[in-house]
$ cat structure_24.txt   # compact mmCIF, C-alpha atoms
# COMPACT_ATOMS: atom_id res chain seq x y z
CA MET O 1 -10.01 24.57 19.45
CA LYS O 2 -9.73 20.82 18.76
CA ASN O 3 -13.42 20.68 17.80
CA LYS O 4 -13.29 23.78 15.61
CA ARG O 5 -14.05 22.84 11.99
CA THR O 6 -10.89 24.25 10.45
CA VAL O 7 -10.59 21.94 7.41
CA ALA O 8 -12.91 23.18 4.64
CA GLY O 9 -15.41 24.23 7.31
CA VAL O 10 -16.14 20.54 7.99
CA GLY O 11 -13.17 18.65 9.40
CA PHE O 12 -11.75 19.02 12.89
CA ILE O 13 -8.84 17.47 14.81
CA GLY O 14 -10.99 16.28 17.72
CA ARG O 15 -9.84 15.08 21.14
CA GLY O 16 -7.51 12.11 21.24
CA SER O 17 -3.99 10.87 20.67
CA TYR O 18 -3.72 11.62 16.95
CA ASN O 19 -2.42 14.97 15.73
CA SER O 20 -1.34 16.60 12.48
CA VAL O 21 2.38 16.48 13.38
CA SER O 22 2.95 12.97 14.75
CA ASN O 23 0.42 11.57 12.29
CA ALA O 24 1.27 13.80 9.34
CA ASN O 25 0.65 11.11 6.70
CA GLU O 26 -2.78 10.22 8.08
CA TYR O 27 -3.60 13.89 8.47
CA LEU O 28 -2.70 14.73 4.87
CA VAL O 29 -4.75 11.80 3.53
CA TRP O 30 -7.73 12.83 5.68
CA ARG O 31 -7.42 16.51 4.76
CA ASP O 32 -7.31 15.66 1.05
CA ILE O 33 -10.47 13.56 1.35
CA ILE O 34 -12.26 16.44 3.12
CA TYR O 35 -11.02 18.89 0.45
CA ARG O 36 -12.25 16.65 -2.39
CA CYS O 37 -15.76 16.70 -1.01
CA TYR O 38 -16.11 20.19 0.45
CA LYS O 39 -13.62 22.57 -1.15
CA PRO O 40 -15.09 24.13 -4.34
CA LYS O 41 -11.64 24.81 -5.84
CA VAL O 42 -10.83 21.07 -5.74
CA MET O 43 -14.28 20.01 -6.98
CA ASN O 44 -14.01 22.42 -9.91
CA ARG O 45 -10.76 20.71 -10.98
CA LYS O 46 -12.10 17.17 -10.56
CA THR O 47 -15.84 17.18 -11.18
CA CYS O 48 -16.10 13.47 -10.29
CA TYR O 49 -16.07 14.62 -6.63
CA VAL O 50 -19.20 16.77 -7.00
CA ASN O 51 -21.90 15.38 -4.68
CA CYS O 52 -19.36 13.26 -2.78
CA GLU O 53 -19.38 13.50 1.00
CA VAL O 54 -17.53 12.26 4.05
CA ASP O 55 -19.33 10.25 6.70
CA GLU O 56 -19.84 12.47 9.76
CA ARG O 57 -17.70 10.15 11.89
CA TRP O 58 -14.74 10.96 9.65
CA HIS O 59 -15.24 14.71 10.05
CA ASP O 60 -13.35 14.05 13.30
CA PHE O 61 -9.70 13.33 12.42
CA GLN O 62 -9.42 11.03 15.47
CA ASN O 63 -11.93 8.58 13.97
CA PHE O 64 -10.33 8.59 10.52
CA ALA O 65 -6.78 8.21 11.89
CA ASP O 66 -7.87 5.34 14.14
CA TRP O 67 -9.42 3.51 11.13
CA TYR O 68 -6.38 4.20 8.97
CA VAL O 69 -3.70 3.26 11.52
CA LYS O 70 -5.48 0.05 12.55
CA HIS O 71 -6.08 -1.08 8.95
CA GLU O 72 -4.14 -4.26 8.17
CA PHE O 73 -2.43 -2.56 5.21
CA SER O 74 -1.63 0.74 6.93
CA GLY O 75 1.98 1.73 6.43
CA PHE O 76 2.19 0.13 2.97
CA GLY O 77 1.70 3.44 1.14
CA TYR O 78 -1.75 2.37 -0.09
CA GLN O 79 -4.42 4.87 -1.16
CA VAL O 80 -7.90 5.29 0.33
CA ASP O 81 -10.43 4.17 -2.29
CA LYS O 82 -14.18 4.76 -2.12
CA ASP O 83 -15.19 3.31 -5.50
CA LEU O 84 -14.36 -0.38 -5.44
CA LEU O 85 -16.50 -1.81 -2.63
CA VAL O 86 -19.79 -0.07 -3.46
CA ASN O 87 -20.76 0.59 -7.07
CA GLY O 88 -21.46 4.29 -7.63
CA ASN O 89 -20.43 5.18 -4.09
CA LYS O 90 -20.26 8.87 -3.20
CA ILE O 91 -19.52 8.54 0.53
CA TYR O 92 -16.16 8.19 2.24
CA SER O 93 -16.77 5.96 5.28
CA PRO O 94 -15.13 3.02 7.10
CA GLU O 95 -17.64 0.58 5.61
CA ARG O 96 -17.37 1.87 2.03
CA CYS O 97 -13.64 2.53 1.80
CA CYS O 98 -10.57 0.34 1.63
CA LEU O 99 -6.85 0.82 1.20
CA LEU O 100 -5.50 -0.15 -2.23
CA PRO O 101 -2.04 -0.12 -3.79
CA LYS O 102 -1.66 2.72 -6.30
CA GLU O 103 -1.43 0.19 -9.15
CA VAL O 104 -4.77 -1.40 -8.26
CA ASN O 105 -6.51 1.92 -7.57
CA GLY O 106 -5.37 3.29 -10.93
CA LYS O 107 -6.54 0.20 -12.82
CA ILE O 108 -10.13 0.38 -11.60
CA GLN O 109 -10.51 3.84 -13.05
CA THR O 110 -12.50 3.88 -16.28
CA SER O 111 -10.94 6.36 -18.66
CA ASN O 112 -12.97 9.27 -19.94
CA SER O 113 -14.37 8.82 -23.39
CA ARG O 114 -15.76 11.17 -25.98
CA THR O 115 -18.38 8.53 -26.70
CA LYS O 116 -20.88 7.20 -24.17
CA LEU O 117 -19.57 3.68 -24.68
CA VAL O 118 -16.01 3.47 -23.35
CA GLY O 119 -13.41 1.84 -25.56
CA ALA O 120 -15.21 2.57 -28.83
CA THR O 121 -13.91 5.16 -31.30
CA PHE O 122 -15.13 5.81 -34.81
CA HIS O 123 -12.54 5.48 -37.56
CA LYS O 124 -13.52 7.91 -40.34
CA VAL O 125 -11.42 6.31 -43.10
CA SER O 126 -12.84 2.80 -42.69
CA GLY O 127 -16.26 3.91 -41.52
CA ARG O 128 -16.11 1.35 -38.71
CA TRP O 129 -15.69 1.32 -34.95
CA GLN O 130 -12.38 0.45 -33.35
CA SER O 131 -11.60 -0.72 -29.87
CA GLN O 132 -8.39 -0.56 -27.88
CA ILE O 133 -7.32 -0.69 -24.26
CA ARG O 134 -4.30 0.68 -22.45
CA ILE O 135 -2.58 -1.81 -20.14
CA ASP O 136 0.69 -1.15 -18.37
CA GLY O 137 1.44 1.88 -20.54
CA LYS O 138 0.81 0.10 -23.83
CA ASN O 139 -2.13 0.47 -26.19
CA LEU O 140 -3.53 -2.90 -27.23
CA PHE O 141 -5.66 -2.93 -30.37
CA LEU O 142 -8.75 -5.11 -29.84
CA GLY O 143 -10.21 -4.97 -33.34
CA THR O 144 -12.50 -3.19 -35.78
CA PHE O 145 -16.26 -3.60 -35.50
CA ASP O 146 -19.45 -2.76 -37.37
CA THR O 147 -21.13 -1.12 -34.38
CA GLN O 148 -20.16 1.05 -31.47
CA MET O 149 -21.65 -1.50 -29.06
CA GLU O 150 -19.49 -4.33 -30.46
CA ALA O 151 -16.36 -2.21 -30.02
CA HIS O 152 -17.42 -1.29 -26.49
CA LEU O 153 -18.09 -4.92 -25.56
CA ALA O 154 -14.61 -5.92 -26.77
CA TYR O 155 -13.19 -3.26 -24.46
CA VAL O 156 -15.40 -4.42 -21.56
CA GLU O 157 -14.24 -8.02 -21.94
CA ALA O 158 -10.57 -7.02 -22.08
CA LYS O 159 -10.83 -4.57 -19.15
CA GLU O 160 -12.71 -6.95 -16.87
CA SER O 161 -10.31 -9.77 -17.70
CA HIS O 162 -7.37 -7.51 -16.85
CA ILE O 163 -8.94 -6.49 -13.52
CA HIS O 164 -9.39 -10.18 -12.64
CA GLU O 165 -5.68 -10.72 -13.37
CA ILE O 166 -4.86 -7.78 -11.08
CA ALA O 167 -7.04 -9.34 -8.35
CA GLU O 168 -5.05 -12.57 -8.53
CA LYS O 169 -1.76 -10.70 -8.58
CA TRP O 170 -2.63 -8.83 -5.38
CA LYS O 171 -4.49 -11.66 -3.57
CA GLY O 172 -3.17 -11.63 0.00
CA GLY O 173 -1.75 -8.12 -0.52
CA ILE O 174 -5.15 -6.44 -0.24
CA GLU O 175 -8.00 -7.06 2.16
CA ASP O 176 -10.34 -9.93 1.30
CA ARG O 177 -13.37 -7.73 0.60
CA ALA O 178 -11.30 -5.71 -1.92
CA TYR O 179 -10.09 -8.92 -3.59
CA LYS O 180 -13.69 -10.16 -3.93
CA ALA O 181 -14.83 -6.78 -5.26
CA LEU O 182 -12.10 -6.90 -7.93
CA LEU O 183 -13.31 -10.34 -9.03
CA ASN O 184 -16.82 -8.86 -9.43
CA TRP O 185 -15.68 -5.53 -10.95
CA LYS O 186 -17.60 -4.42 -14.04
CA VAL O 187 -17.21 -1.59 -16.54
CA GLY O 188 -20.20 0.74 -16.39
CA ILE O 189 -22.16 0.97 -19.66
CA GLU O 190 -21.81 4.74 -19.63
CA GLY O 191 -18.14 4.55 -18.70
CA SER O 192 -18.55 6.77 -15.67
CA GLN O 193 -15.23 7.55 -14.09
CA PRO O 194 -14.72 6.97 -10.40
CA CYS O 195 -12.16 9.20 -8.70

$ encode --input "structure_24.txt" --output "structure tokens"
Amino acid sequence: MKNKRTVAGVGFIGRGSYNSVSNANEYLVWRDIIYRCYKPKVMNRKTCYVNCEVDERWHDFQNFADWYVKHEFSGFGYQVDKDLLVNGNKIYSPERCCLLPKEVNGKIQTSNSRTKLVGATFHKVSGRWQSQIRIDGKNLFLGTFDTQMEAHLAYVEAKESHIHEIAEKWKGGIEDRAYKALLNWKVGIEGSQPC
């Protein structure tokens, strides 16, 4: 029974000391990751998870729970992130994932845009491109530009600068490889949105 793939036809509890009752938090995090990658109902709601997968080692809850519990920031209420360490990552695995505070995880998300170049919107009245960024719940106007690319680049500069500030704020409160990844974080030209 412990090796029966009861979670989205993929995940199983496995044999070991971790269980869904005593380790309810770890179990719920693990189950949600499995659902994101293998449950069509979830993927239909959040299409950014289409083509994502979970490393086979993490199909076994014992392996995931062991990684999670032994992580230096376990118990801090951090979220499992798959996007920061490896650009364009689609695999949840111990090597490609880290635990991040909700604030940091939310900041590295690139917002959806109706244009291909994030941060650039066309202003019909002026006939020019505008750029703005949302930081800490406030919209900051970055300027008006002649081209969509100029508006986008203003956004890119502001976003990357803000992420570097976040890295410094959380230095010592996140693992070193996550801190370094934040210092090297870049906005994708197409503004693809990690989940």

$ closest_residue --input "structure_24.txt" --among "O:Val80, O:Cys98, O:Val86, O:Val69" --to "Ile33 of chain O" --atoms "all atoms listed in the file"
O:Val80

$ residues_around --input "structure_24.txt" --residues "segment 150-166 of chain O" --least-positions-apart "6" --cutoff "10 Å" --atoms "all atoms listed in the file" --output "PyMOL selection string"
chain O and resi 103-104+107-108+110+115-122+128-135+140-144+179-189+191

$ closest_residue --input "structure_24.txt" --among "O:Tyr35, O:Gly88, O:Asn23, O:Ile13" --to "Arg57 of chain O" --atoms "only C-alpha atoms"
O:Ile13

$ closest_residue --input "structure_24.txt" --among "O:Cys48, O:Ala178, O:Leu28, O:Val10" --to "Ala65 of chain O" --atoms "only C-alpha atoms"
O:Leu28

$ closest_residue --input "structure_24.txt" --among "O:Asn19, O:Ser93, O:Ser126, O:Gln79" --to "Trp67 of chain O" --atoms "all atoms listed in the file"
O:Ser93

$ residues_near_point --input "structure_24.txt" --point "(-20.3, 17.5, -8.0)" --cutoff "10 Å" --atoms "only C-alpha atoms" --output "PyMOL selection string"
chain O and resi 36-38+40+43-44+46-53+90

$ atom_distance --input "structure_24.txt" --atom1 "atom CA of Gly75 of chain O" --atom2 "atom CA of Lys2 of chain O"
25.6 Å

$ closest_residue --input "structure_24.txt" --among "O:Gly137, O:Gly173, O:Gly106, O:Gly11" --to "Glu56 of chain O" --atoms "only C-alpha atoms"
O:Gly11

$ atom_distance --input "structure_24.txt" --atom1 "atom CA of Gly14 of chain O" --atom2 "atom CA of Asp60 of chain O"
5.5 Å

$ residues_near_point --input "structure_24.txt" --point "(-5.1, 22.5, 5.1)" --cutoff "10 Å" --atoms "all atoms listed in the file" --output "list of chain:residue names"
O:Thr6, O:Val7, O:Ala8, O:Gly11, O:Tyr27, O:Leu28, O:Arg31, O:Asp32, O:Ile34, O:Tyr35

$ atom_distance --input "structure_24.txt" --atom1 "atom CA of Lys41 of chain O" --atom2 "atom CA of Asn89 of chain O"
21.6 Å
